[in-house]
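Student: Got a structure here, written out as structure tokens. Questions coming.
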2 protein chains.
Amino acid sequence: MLTADYVLGLVDGEGSFAVHFNKSQRRRAKVEPRFCLKLRAEDRILLDELRDFFGCGQVYIQRDHRPNHSLCYRFEVSNRQELFEKIIPFFEQNPPRSPSKQRDFGFFRQVVILVRQDAHLTDAGLESMRQLAAQMHWGSLDALDTLVQWERGIGFK
Amino acid sequence: MLTADYVLGLVDGEGSFAVHFNKSQRRRAKVEPRFCLKLRAEDRILLDELRDFFGCGQVYIQRDHRPNHSLCYRFEVSNRQELFEKIIPFFEQNPPRSPSKQRDFGFFRQVVILVRQDAHLTDAGLESMRQLAAQMHWGSLDALDTLVQWERGIGFK
């Protein structure tokens with residue numbers, strides 16, 4: 001079983017607090033907060049352990065068609081109730097140690113709380129979420145990182 | 001102060017056990033095992049905390065001239081005595097949880113022990129280290145990762 005300190009270290013290294021905005025009219029949700037962590041396929045077992053640790057979320061394959069990129073999987077929590085009741089409380093009690101993750105989590109937490117209050121149903125509420133999300137780094141060392149590309153919906157077939 | 005579990009999580013996410021071979025005749029060492037961990041500049045304080053935690057190593061700036069790559073720093077231990085007396089024992093007592101890091105650490109440990117026994121002073125010893133190093137992933141999700149490029153001596157000005 002993973003410990004809270006181990007999970008914090010792993011999240012500080014590879015975790016991502018992200019907020020995705022849908023432009024498509026077909027999709028129900030206009031704003032989708034997501035907590036993700038990506039690892040290479042060989043380390044997928046750790047993602048299953050994360051799912052067991054948090055008691056929520058799913059493990060997905062992360063397709064990447066760029067050359068020299070290995071097959072990856074990601075652990076993801078996007079269910080709003082699970083984010084509000086499990087992910088947010090965990091990181092409130094166990095704050096990230098890295099300054100960038102502390103900041104990202106702070107903005108992410110505000111967005112999740114706003115969504116919980118249905119603020120995304122008004123234009124003003126949605127705009128305030130966009131402003132919060134714009135200040136986040138999305139947890140990647142690399143602006144061309146696959147997870148960021150995936151979150152931002154670019155570069156994937 | 002960081003905990004061992006936190007450090008393990010961070011290393012499973014972002015750490016790198018690497019072995020560098022020098023072709024240059026000017027450099028003294030033919031083989032250089034290195035334990036590294038790279039983070040964006042904003043999170044440099046965590047690298048200082050890692051240095052304090054292990055009681056060895058240095059924090060360096062990690063230059064990267066590629067577009068869309070943020071400034072990074074890395075914590076690095078390359079001193080052989082420190083690797084043998086501090087890094088190897090820590091991960092023997094606290095094995096990485098991710099399969100890829102477990103494997104990399106296993107090969108890295110063998111190389112450090114061989115270097116400690118001066119095996120790198122013979123061609124046969126050096127060749128056995130090359131074979132061990134060839135089986136390592138060097139801890140990166142991405143074969144084009146800056147740290148791997150840096151370790152392999154390609155792509156940097």
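In the structure tokens, the first chain shown is A, the next is B, and so on; residue numbers restart at 1 for each chain, and ligands run from 1 in the order shown.
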Would you list which chain B residues are within 12 Å of chain A using only C-alpha atoms, as a PyMOL selection string?

Tutor: chain B and resi 1-15+37-50+64+66-73+94+96-103+137+139-147

Student: Let's have the selection written as a PDB file, in the first residue's frame, with C-alpha atoms.

Tutor:
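So the final result, stored in result_19.pdb, reads:
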```pdb
ATOM      1  CA  MET B   1      12.554  18.031   6.228  1.00  0.00           C
ATOM      2  CA  LEU B   2      11.686  15.539   3.524  1.00  0.00           C
ATOM      3  CA  THR B   3      10.730  11.978   4.472  1.00  0.00           C
ATOM      4  CA  ALA B   4      12.158   8.830   2.877  1.00  0.00           C
ATOM      5  CA  ASP B   5       8.744   7.956   1.414  1.00  0.00           C
ATOM      6  CA  TYR B   6       8.357  11.401  -0.151  1.00  0.00           C
ATOM      7  CA  VAL B   7      11.842  11.188  -1.682  1.00  0.00           C
ATOM      8  CA  LEU B   8      11.035   7.721  -3.065  1.00  0.00           C
ATOM      9  CA  GLY B   9       7.875   9.031  -4.709  1.00  0.00           C
ATOM     10  CA  LEU B  10       9.699  12.011  -6.188  1.00  0.00           C
ATOM     11  CA  VAL B  11      12.510   9.782  -7.482  1.00  0.00           C
ATOM     12  CA  ASP B  12      10.033   7.277  -8.956  1.00  0.00           C
ATOM     13  CA  GLY B  13       8.479  10.212 -10.798  1.00  0.00           C
ATOM     14  CA  GLU B  14      11.451  12.307 -11.852  1.00  0.00           C
ATOM     15  CA  GLY B  15      14.676  10.673 -10.696  1.00  0.00           C
ATOM     16  CA  LEU B  37      16.654  14.667 -10.456  1.00  0.00           C
ATOM     17  CA  LYS B  38      15.462  17.567 -12.602  1.00  0.00           C
ATOM     18  CA  LEU B  39      12.746  20.087 -11.771  1.00  0.00           C
ATOM     19  CA  ARG B  40      11.669  23.410 -13.194  1.00  0.00           C
ATOM     20  CA  ALA B  41      13.416  26.475 -11.813  1.00  0.00           C
ATOM     21  CA  GLU B  42      10.395  27.432  -9.717  1.00  0.00           C
ATOM     22  CA  ASP B  43      10.794  24.210  -7.723  1.00  0.00           C
ATOM     23  CA  ARG B  44      14.505  24.545  -7.105  1.00  0.00           C
ATOM     24  CA  ILE B  45      13.962  24.702  -3.338  1.00  0.00           C
ATOM     25  CA  LEU B  46      12.974  21.015  -3.436  1.00  0.00           C
ATOM     26  CA  LEU B  47      16.339  20.177  -4.999  1.00  0.00           C
ATOM     27  CA  ASP B  48      18.099  21.992  -2.147  1.00  0.00           C
ATOM     28  CA  GLU B  49      15.993  19.956   0.272  1.00  0.00           C
ATOM     29  CA  LEU B  50      17.018  16.750  -1.540  1.00  0.00           C
ATOM     30  CA  ASP B  64      18.012  23.764 -22.565  1.00  0.00           C
ATOM     31  CA  ARG B  66      14.869  24.043 -27.277  1.00  0.00           C
ATOM     32  CA  PRO B  67      11.753  26.165 -27.748  1.00  0.00           C
ATOM     33  CA  ASN B  68       8.928  25.831 -25.220  1.00  0.00           C
ATOM     34  CA  HIS B  69      11.195  24.360 -22.578  1.00  0.00           C
ATOM     35  CA  SER B  70      11.296  26.108 -19.253  1.00  0.00           C
ATOM     36  CA  LEU B  71      14.465  26.725 -17.280  1.00  0.00           C
ATOM     37  CA  CYS B  72      15.283  23.787 -15.035  1.00  0.00           C
ATOM     38  CA  TYR B  73      17.665  22.839 -12.275  1.00  0.00           C
ATOM     39  CA  ASN B  94      14.107   2.041   0.429  1.00  0.00           C
ATOM     40  CA  PRO B  96      11.979   2.246  -5.704  1.00  0.00           C
ATOM     41  CA  ARG B  97       8.366   1.149  -6.170  1.00  0.00           C
ATOM     42  CA  SER B  98       8.162   1.653  -9.912  1.00  0.00           C
ATOM     43  CA  PRO B  99       9.345  -1.354 -11.944  1.00  0.00           C
ATOM     44  CA  SER B 100      11.431   0.823 -14.287  1.00  0.00           C
ATOM     45  CA  LYS B 101      13.263   2.550 -11.433  1.00  0.00           C
ATOM     46  CA  GLN B 102      13.764  -0.750  -9.590  1.00  0.00           C
ATOM     47  CA  ARG B 103      15.463  -2.131 -12.672  1.00  0.00           C
ATOM     48  CA  HIS B 137      16.126   3.445 -19.269  1.00  0.00           C
ATOM     49  CA  GLY B 139      14.476   7.262 -15.819  1.00  0.00           C
ATOM     50  CA  SER B 140      12.857   9.349 -18.462  1.00  0.00           C
ATOM     51  CA  LEU B 141       9.365   9.044 -19.849  1.00  0.00           C
ATOM     52  CA  ASP B 142      10.610  10.568 -23.042  1.00  0.00           C
ATOM     53  CA  ALA B 143      13.624   9.505 -25.056  1.00  0.00           C
ATOM     54  CA  LEU B 144      14.049  13.132 -26.098  1.00  0.00           C
ATOM     55  CA  ASP B 145      13.946  14.330 -22.516  1.00  0.00           C
ATOM     56  CA  THR B 146      16.476  17.029 -21.747  1.00  0.00           C
ATOM     57  CA  LEU B 147      18.138  15.007 -19.020  1.00  0.00           C
TER      58      LEU B 147
END
```

Student: Could you pull the residues within 6 Å of region 74-87 of chain A, counting only C-alpha atoms, minus those fewer than 6 positions along the same chain, as an NGL selection string?

Tutor: :A and (34-38 or 47 or 57-60)

Student: Could you please write out, as an NGL selection string, every residue of region 70-125 of chain A that DSSP assigns to helix (DSSP H, G or I)?

Tutor: :A and (80-93 or 99-116 or 119-121 or 123-125)

Student: What is the distance, in Å and to one decimal place, between CA of Phe21 (chain B) and CA of Gln93 (chain B)?

Tutor: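 These two atoms are separated by 27.7 Å.
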
Student: Tell me, in Å to one decimal, how far CA of Pro95 (chain B) is from CA of Val31 (chain B).

Tutor: 24.1 Å

Student: Just list the residues in region 26-152 of chain A DSSP gives strand (DSSP E) on the backbone, as a PyMOL selection string.

Tutor: chain A and resi 31-40+58-62+72-77

Student: Those same residues, written as a PDB file, in the first residue's frame with N, CA and C atoms?

Tutor:
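File produced: out.pdb:
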```pdb
ATOM      1  N   VAL A  31     -16.761  22.754 -18.478  1.00  0.00           N
ATOM      2  CA  VAL A  31     -15.481  22.814 -17.791  1.00  0.00           C
ATOM      3  C   VAL A  31     -15.219  21.472 -17.111  1.00  0.00           C
ATOM      4  N   GLU A  32     -14.010  20.944 -17.308  1.00  0.00           N
ATOM      5  CA  GLU A  32     -13.678  19.636 -16.747  1.00  0.00           C
ATOM      6  C   GLU A  32     -12.365  19.704 -15.974  1.00  0.00           C
ATOM      7  N   PRO A  33     -12.430  19.831 -14.659  1.00  0.00           N
ATOM      8  CA  PRO A  33     -11.206  19.720 -13.867  1.00  0.00           C
ATOM      9  C   PRO A  33     -10.749  18.260 -13.847  1.00  0.00           C
ATOM     10  N   ARG A  34      -9.454  18.063 -13.974  1.00  0.00           N
ATOM     11  CA  ARG A  34      -8.914  16.692 -13.982  1.00  0.00           C
ATOM     12  C   ARG A  34      -7.627  16.626 -13.187  1.00  0.00           C
ATOM     13  N   PHE A  35      -7.525  15.601 -12.375  1.00  0.00           N
ATOM     14  CA  PHE A  35      -6.260  15.284 -11.703  1.00  0.00           C
ATOM     15  C   PHE A  35      -5.678  14.064 -12.408  1.00  0.00           C
ATOM     16  N   CYS A  36      -4.447  14.192 -12.918  1.00  0.00           N
ATOM     17  CA  CYS A  36      -3.838  13.133 -13.729  1.00  0.00           C
ATOM     18  C   CYS A  36      -2.415  12.841 -13.284  1.00  0.00           C
ATOM     19  N   LEU A  37      -1.965  11.659 -13.572  1.00  0.00           N
ATOM     20  CA  LEU A  37      -0.558  11.304 -13.394  1.00  0.00           C
ATOM     21  C   LEU A  37      -0.195  10.277 -14.461  1.00  0.00           C
ATOM     22  N   LYS A  38       0.835  10.582 -15.214  1.00  0.00           N
ATOM     23  CA  LYS A  38       1.227   9.755 -16.362  1.00  0.00           C
ATOM     24  C   LYS A  38       2.534   9.032 -16.076  1.00  0.00           C
ATOM     25  N   LEU A  39       2.598   7.758 -16.420  1.00  0.00           N
ATOM     26  CA  LEU A  39       3.841   6.990 -16.291  1.00  0.00           C
ATOM     27  C   LEU A  39       3.993   6.106 -17.520  1.00  0.00           C
ATOM     28  N   ARG A  40       5.193   5.648 -17.779  1.00  0.00           N
ATOM     29  CA  ARG A  40       5.393   4.738 -18.896  1.00  0.00           C
ATOM     30  C   ARG A  40       4.689   3.408 -18.618  1.00  0.00           C
ATOM     31  N   GLN A  58      -9.622   6.344 -12.717  1.00  0.00           N
ATOM     32  CA  GLN A  58      -9.442   5.262 -13.680  1.00  0.00           C
ATOM     33  C   GLN A  58      -8.037   5.327 -14.256  1.00  0.00           C
ATOM     34  N   VAL A  59      -7.571   4.201 -14.795  1.00  0.00           N
ATOM     35  CA  VAL A  59      -6.282   4.167 -15.488  1.00  0.00           C
ATOM     36  C   VAL A  59      -6.555   4.001 -16.987  1.00  0.00           C
ATOM     37  N   TYR A  60      -5.998   4.891 -17.787  1.00  0.00           N
ATOM     38  CA  TYR A  60      -6.214   4.887 -19.231  1.00  0.00           C
ATOM     39  C   TYR A  60      -4.890   4.764 -19.973  1.00  0.00           C
ATOM     40  N   ILE A  61      -4.973   4.222 -21.178  1.00  0.00           N
ATOM     41  CA  ILE A  61      -3.800   4.244 -22.047  1.00  0.00           C
ATOM     42  C   ILE A  61      -3.648   5.665 -22.594  1.00  0.00           C
ATOM     43  N   GLN A  62      -2.400   6.103 -22.743  1.00  0.00           N
ATOM     44  CA  GLN A  62      -2.131   7.468 -23.226  1.00  0.00           C
ATOM     45  C   GLN A  62      -1.427   7.355 -24.564  1.00  0.00           C
ATOM     46  N   CYS A  72       2.544   5.118 -22.797  1.00  0.00           N
ATOM     47  CA  CYS A  72       2.288   5.516 -21.417  1.00  0.00           C
ATOM     48  C   CYS A  72       0.854   5.206 -21.005  1.00  0.00           C
ATOM     49  N   TYR A  73       0.646   5.199 -19.710  1.00  0.00           N
ATOM     50  CA  TYR A  73      -0.685   5.143 -19.136  1.00  0.00           C
ATOM     51  C   TYR A  73      -0.854   6.325 -18.193  1.00  0.00           C
ATOM     52  N   ARG A  74      -2.105   6.697 -17.956  1.00  0.00           N
ATOM     53  CA  ARG A  74      -2.330   7.762 -16.983  1.00  0.00           C
ATOM     54  C   ARG A  74      -3.428   7.358 -16.012  1.00  0.00           C
ATOM     55  N   PHE A  75      -3.250   7.775 -14.782  1.00  0.00           N
ATOM     56  CA  PHE A  75      -4.298   7.696 -13.774  1.00  0.00           C
ATOM     57  C   PHE A  75      -5.030   9.023 -13.823  1.00  0.00           C
ATOM     58  N   GLU A  76      -6.355   8.980 -13.871  1.00  0.00           N
ATOM     59  CA  GLU A  76      -7.118  10.228 -14.005  1.00  0.00           C
ATOM     60  C   GLU A  76      -8.357  10.215 -13.127  1.00  0.00           C
ATOM     61  N   VAL A  77      -8.584  11.324 -12.464  1.00  0.00           N
ATOM     62  CA  VAL A  77      -9.845  11.533 -11.744  1.00  0.00           C
ATOM     63  C   VAL A  77     -10.497  12.770 -12.338  1.00  0.00           C
TER      64      VAL A  77
END
```

Student: Can you tell me how far CA of Asp118 (chain A) sits from CA of Phe54 (chain A), in Å to one decimal?

Tutor: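 CA of Phe54 (chain A) lies at a distance of 24.5 Å from CA of Asp118 (chain A).
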